[in-house]
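What follows is a set of notes on a single structure, which appears directly below.
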There are 2 protein chains.
Amino acid sequence: MSTTAPITATQRVQEAGLRAQAASKRLALLSRAEKDAALVALADALRAATDRIVAANADDLARGRDGGMTESLQDRLRLTPERVASIARALQDVAALPDPIGEVVRGSTLANGLQIKQVRVPMGVIGMVYEARPNVTVDAAGLGLKSGNAMILRGGSAAASSNAVIVDVLREALEQRDLPADAVQLLDGGHDDVEALITARGLVDLVIPRGGASLIRTVVLGATVPVIETGIGNVHVYVDASADLAMATQITLNAKTHRPSVCNAAESLLVHRDVAAAFLPAALEALAGAGVKLYLDDTARGLAGVEGEPVTDDLFATEFHGLEMSVGVVDSLDAAIAHIDRFGTKHTEVIVTQDRAAAREFVARVDAAVVMVNASSRFTDGGEFGFGAEIGISTQKLHARGPMALPELTSTKWVVEGDGQIR
Amino acid sequence: MSTTAPITATQRVQEAGLRAQAASKRLALLSRAEKDAALVALADALRAATDRIVAANADDLARGRDGGMTESLQDRLRLTPERVASIARALQDVAALPDPIGEVVRGSTLANGLQIKQVRVPMGVIGMVYEARPNVTVDAAGLGLKSGNAMILRGGSAAASSNAVIVDVLREALEQRDLPADAVQLLDGGHDDVEALITARGLVDLVIPRGGASLIRTVVLGATVPVIETGIGNVHVYVDASADLAMATQITLNAKTHRPSVCNAAESLLVHRDVAAAFLPAALEALAGAGVKLYLDDTARGLAGVEGEPVTDDLFATEFHGLEMSVGVVDSLDAAIAHIDRFGTKHTEVIVTQDRAAAREFVARVDAAVVMVNASSRFTDGGEFGFGAEIGISTQKLHARGPMALPELTSTKWVVEGDGQIR
């Protein structure tokens, strides 16, 4: 009989949660100056540990290659000294951002003299479940620290060695400043850790999944702690009857090909019947020329001078994450909106139009985190929006919608001050 | 073999959800003037239907009496012509409130000329699961309409007849104004309806449970749609070493006895050791004199001139919802905060103190939706806060915290306008 029973995922997460909760109580009381100095120290520590980090990353890459990881995934996983420097710089950028904590959101003095104010406070303990890229580990730690939250991180197994070293470096640097190392913890157990994390009610205040559709589905359906869904983007570009067709081609090309693997890349092109003949041949040729595989409905196929397989409802519903695009011709703005209602994922939707009424109607009726008029969907991004950082793009309606940065990692507290008021 | 299979709860909720979704698309586009006129019409319709509503309520009351319902629960359920008039007036009050929809929360013009703005939009479809009082049916319908949301209501079975007639009256009045009746739907099936409602992902955007701890637990643990938890309040009044003791007695009495059945009533009294001898005898006598049953820790028992059973951890953790109170003496502000951390439910916590540093520390360190200095916990209320209405009091940190009114029933959408910008 063994004297020490193996620790279960639930116990492991329970212990991590208690330590995180203790750390969060200290983080909540730090001044902006203390947090910013710590962020700079974390950046220095990462730079100083470049060799250790790159070596650990080489282990991950070797394991990935042995397991048949694609070259593009290897590239997302790879850390070079330059990339470590850039990750460290991102922490300093977070230090330069305003502190969301303590901001007074609203307030008033009531008729009875009570002074009420709603103040931003940290969430407390935030769990993050994510996939390959190790820079997310640092971004999450930095945004968590600045917003006064303790972070429990569960990165992808592909980056396990890189993440382990990065979190070690961050924790050592926190300890050296007499700050709680448990502000950043990494769960490195199996899949059970995820389930334990997303059901740790009372210990974890929020879980943010960041990754592919199946990861997000697992977290959303299994969680009993509050969740913010991120990142599934079946993004449409709708070219209206009144569109500037040259602009429409540029926007479609950019939205599809600028960085096809990300969630704000376009997946589907809808064209108003009245301009289909004028627009599609050149636009589809440009897309095909950029290496985009096209799936066309019957009308588009009739007009196109390019190769293209027939589109299906399944293809219209697919987020390709690559150089593929579904194309459909619609009879009206109404039909475009109905199509987006059916196949969209409420991430980003684009209309290209010169018609003010059409723009207003599209903006009012399309239900998405971001609705764009005459701009590429690639602008749905915390950095592009001027937030200085991004922890993910929320596609849910509760709490945060669209790019999330520091304020989205906070809650509020009402502070009521009186001099003996009773009812 | 039957030709029509019985409809399941999932099918029933699915159909209600689709109808609500269709209604919500129309509600989202209504102007403030249209919504306010509709609210006034709903109020008129309720007043005109007073006899029908009171008669249906009499059925509920008779069923309740037969089932042994307590007099106090009967009172909460009872609708008189005066109460119907007051419920109708509440709808007119909602009409007078500003429209949250369309409010620009923030915005800027980016360096590339893109104009971005974050605009309040409706959630879409909101499910409410609640218990006895039929006025909640009308409040939810009114706040839902004003915020552009379609409401799927699941009231308590005790109020089934009242709720059915009220919702009929509201739906008829909406139809008469050519507005979608499905803006307000009532689920009147069994417990299965609740489970189907809280798992209707893609159809229901938010569920708000309002009621006792077991209802809220069922919804929170079973839901896969986003939830806002409401209303569990194990509220403490902490009397600090520097408190004005007369003020402390008044606040404690008011917080405990003004309306003991509600969530913002105090359940527990903590007293700093330094003032325990001066404060407790008179304060406990006043509480006992008001009919409050007291549970005392050893120190308090030693000082008290009143009857009192020994307190236990279980009693410290209990929300009594009645004239009972747990009482403990603590060694320090620190110990008070630790006690609240352990037993509190993050609803409302009160400190009575004349010491500015103690007040600041309590406010900073106590993690609750509302933290009060020198005021009764009974002020945690949407009406008292000047919101003009309340759909519940959130005790979670995501999206809304504390009293919730119209803005808390909204989401946002980013609107980005450009003239061809690409990355």
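Chains: A, B, ... in order of the structure tokens. Residues: from 1 per chain. Ligands: from 1, in order shown.
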
May I have the residues within 8 Å of A:Lys146 as an mmCIF file with N, CA and C atoms, in the first residue's frame, using only C-alpha atoms and disregarding those fewer than 3 positions away in the same chain?
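Contents of part12.cif, as written:
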```
data_model
loop_
_atom_site.group_PDB
_atom_site.id
_atom_site.type_symbol
_atom_site.label_atom_id
_atom_site.label_comp_id
_atom_site.auth_asym_id
_atom_site.auth_seq_id
_atom_site.Cartn_x
_atom_site.Cartn_y
_atom_site.Cartn_z
ATOM 1 N N ARG A 32 -0.372 51.498 -8.974
ATOM 2 C CA ARG A 32 0.063 51.438 -10.369
ATOM 3 C C ARG A 32 1.584 51.416 -10.462
ATOM 4 N N LYS A 35 2.986 48.005 -9.801
ATOM 5 C CA LYS A 35 2.696 47.052 -10.875
ATOM 6 C C LYS A 35 3.564 47.338 -12.102
ATOM 7 N N ASP A 36 3.697 48.628 -12.433
ATOM 8 C CA ASP A 36 4.488 48.972 -13.623
ATOM 9 C C ASP A 36 5.958 48.601 -13.434
ATOM 10 N N LEU A 39 6.293 44.958 -13.924
ATOM 11 C CA LEU A 39 6.226 44.560 -15.343
ATOM 12 C C LEU A 39 7.564 44.781 -16.041
ATOM 13 N N VAL A 94 2.652 47.141 -21.750
ATOM 14 C CA VAL A 94 1.545 47.039 -20.792
ATOM 15 C C VAL A 94 1.801 47.965 -19.600
ATOM 16 N N ALA A 95 3.065 48.060 -19.183
ATOM 17 C CA ALA A 95 3.393 48.979 -18.086
ATOM 18 C C ALA A 95 3.001 50.412 -18.441
ATOM 19 N N ASP A 99 -3.714 52.318 -15.658
ATOM 20 C CA ASP A 99 -4.173 51.276 -14.733
ATOM 21 C C ASP A 99 -5.706 51.312 -14.690
ATOM 22 N N GLY A 142 1.221 39.399 -18.031
ATOM 23 C CA GLY A 142 1.383 40.850 -17.952
ATOM 24 C C GLY A 142 0.060 41.576 -17.789
ATOM 25 N N LEU A 143 -0.927 41.211 -18.606
ATOM 26 C CA LEU A 143 -2.232 41.868 -18.501
ATOM 27 C C LEU A 143 -2.892 41.513 -17.171
ATOM 28 N N ASN A 149 -5.063 40.820 -11.306
ATOM 29 C CA ASN A 149 -5.605 39.463 -11.244
ATOM 30 C C ASN A 149 -4.496 38.420 -11.149
ATOM 31 N N LEU A 406 -7.287 45.557 -20.983
ATOM 32 C CA LEU A 406 -7.281 45.651 -19.515
ATOM 33 C C LEU A 406 -8.666 45.864 -18.885
#
```

(message) I'd like the neighbourhood of A:Ser261 as a PyMOL selection string, where a residue qualifies if any of its atoms comes within 8 Å (using only C-alpha atoms), though same-chain residues fewer than 5 positions away should be ignored.
(response) chain A and resi 320-322

Hey, could you make a per-residue contact list for chain B against chain A with 8 Å as the cut-off, showing the nearest pair of atoms and its distance in Å to one decimal, counting only C-alpha atoms, sorted by chain and number, as CSV?
```
residue,atom,partner,partner_atom,distance
B:Lys25,CA,A:Arg365,CA,7.5
B:Leu29,CA,A:Ala364,CA,7.3
B:Leu110,CA,A:Phe385,CA,7.2
B:Leu114,CA,A:Ala375,CA,8.0
B:Ile116,CA,A:Phe385,CA,7.7
B:Met123,CA,A:Lys397,CA,6.4
B:Asp205,CA,A:Lys397,CA,7.2
B:Leu206,CA,A:Leu398,CA,7.6
B:Val220,CA,A:Thr224,CA,6.8
B:Leu221,CA,A:Thr224,CA,5.6
B:Gly222,CA,A:Thr224,CA,7.9
B:Ala223,CA,A:Thr224,CA,7.9
B:Thr224,CA,A:Leu221,CA,5.5
B:Pro226,CA,A:Leu398,CA,7.0
B:Val227,CA,A:Pro226,CA,7.8
B:Met247,CA,A:Gly420,CA,5.7
B:Ala248,CA,A:Gly420,CA,7.8
B:Gln250,CA,A:Ile422,CA,7.4
B:Ile251,CA,A:Ile422,CA,6.1
B:Asn254,CA,A:Ile422,CA,6.1
B:Ala255,CA,A:Ile422,CA,7.8
B:His258,CA,A:Arg423,CA,7.4
B:Val363,CA,A:Val415,CA,7.0
B:Ala364,CA,A:Leu29,CA,7.3
B:Arg365,CA,A:Lys25,CA,7.5
B:Asp367,CA,A:Lys413,CA,7.9
B:Ala368,CA,A:Lys413,CA,6.6
B:Ala369,CA,A:Lys413,CA,5.0
B:Val370,CA,A:Trp414,CA,4.5
B:Val371,CA,A:Val415,CA,5.1
B:Met372,CA,A:Val416,CA,4.6
B:Val373,CA,A:Glu417,CA,4.8
B:Asn374,CA,A:Gly420,CA,4.9
B:Ala375,CA,A:Gln421,CA,4.8
B:Ser376,CA,A:Ile422,CA,5.1
B:Arg378,CA,A:Arg423,CA,6.8
B:Phe379,CA,A:Arg423,CA,7.4
B:Phe385,CA,A:Leu110,CA,7.2
B:Gly386,CA,A:Leu110,CA,7.4
B:Lys397,CA,A:Ser411,CA,5.4
B:Leu398,CA,A:His399,CA,5.8
B:His399,CA,A:His399,CA,3.7
B:Ala400,CA,A:His399,CA,7.4
B:Arg401,CA,A:Thr412,CA,6.5
B:Gly402,CA,A:Trp414,CA,7.2
B:Ser411,CA,A:Lys397,CA,5.4
B:Thr412,CA,A:Arg401,CA,6.5
B:Lys413,CA,A:Ala369,CA,5.0
B:Trp414,CA,A:Val370,CA,4.5
B:Val415,CA,A:Val371,CA,5.1
B:Val416,CA,A:Met372,CA,4.6
B:Glu417,CA,A:Val373,CA,4.8
B:Gly418,CA,A:Asn374,CA,5.1
B:Asp419,CA,A:Asn374,CA,5.3
B:Gly420,CA,A:Asn374,CA,4.9
B:Gln421,CA,A:Ala375,CA,4.8
B:Ile422,CA,A:Ser376,CA,5.1
B:Arg423,CA,A:Asn254,CA,6.8
```

Spatial neighbours of A:Ala158, 7 Å, only C-alpha atoms, chain gap at least 4 places, as a PDB file with N, CA, C and O atoms, in the first residue's frame:
```pdb
ATOM      1  N   ASP A  60      10.612  21.811 -27.419  1.00  0.00           N
ATOM      2  CA  ASP A  60       9.231  21.740 -27.923  1.00  0.00           C
ATOM      3  C   ASP A  60       9.226  21.529 -29.437  1.00  0.00           C
ATOM      4  O   ASP A  60       8.449  20.729 -29.970  1.00  0.00           O
ATOM      5  N   GLY A  64       7.761  18.570 -31.586  1.00  0.00           N
ATOM      6  CA  GLY A  64       6.762  18.848 -32.614  1.00  0.00           C
ATOM      7  C   GLY A  64       7.137  18.220 -33.949  1.00  0.00           C
ATOM      8  O   GLY A  64       6.318  17.558 -34.591  1.00  0.00           O
ATOM      9  N   ALA A 132      -1.178  26.828 -28.912  1.00  0.00           N
ATOM     10  CA  ALA A 132       0.265  26.767 -29.140  1.00  0.00           C
ATOM     11  C   ALA A 132       1.135  27.944 -28.682  1.00  0.00           C
ATOM     12  O   ALA A 132       2.078  27.758 -27.939  1.00  0.00           O
TER      13      ALA A 132
END
```

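Closest approach to B:Glu15 from the set B:Asn163, B:Thr299, B:Thr395, B:Gln185 is made by B:Gln185, with distances taken over only C-alpha atoms.
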
(message) For the structure I just gave you, how does DSSP split stretch 157-342 of chain A - specifically, which residues are strand (DSSP E or B)? Reply as JSON, numbers by chain.
(response) {"A": [184, 185, 186, 206, 207, 208, 209, 210, 227, 230, 235, 236, 237, 238, 239, 266, 267, 268, 269, 270, 271, 272, 293, 294, 295, 296, 309, 310, 324, 325, 326, 327, 328, 329, 330]}

(request) Mind the document's chain letters and residue numbers, and return as a PyMOL selection string the residues of stretch 207-421 of chain A that DSSP labels alpha helix (DSSP H). (result) chain A and resi 213-222+245-257+273-289+298-303+313-316+333-343+356-365

(request) Would you work out the distance separating atom CA of B:Ala335 from atom CA of A:Leu145, expressed in Å to one decimal? (result)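 Interatomic distance here is 26.8 Å.
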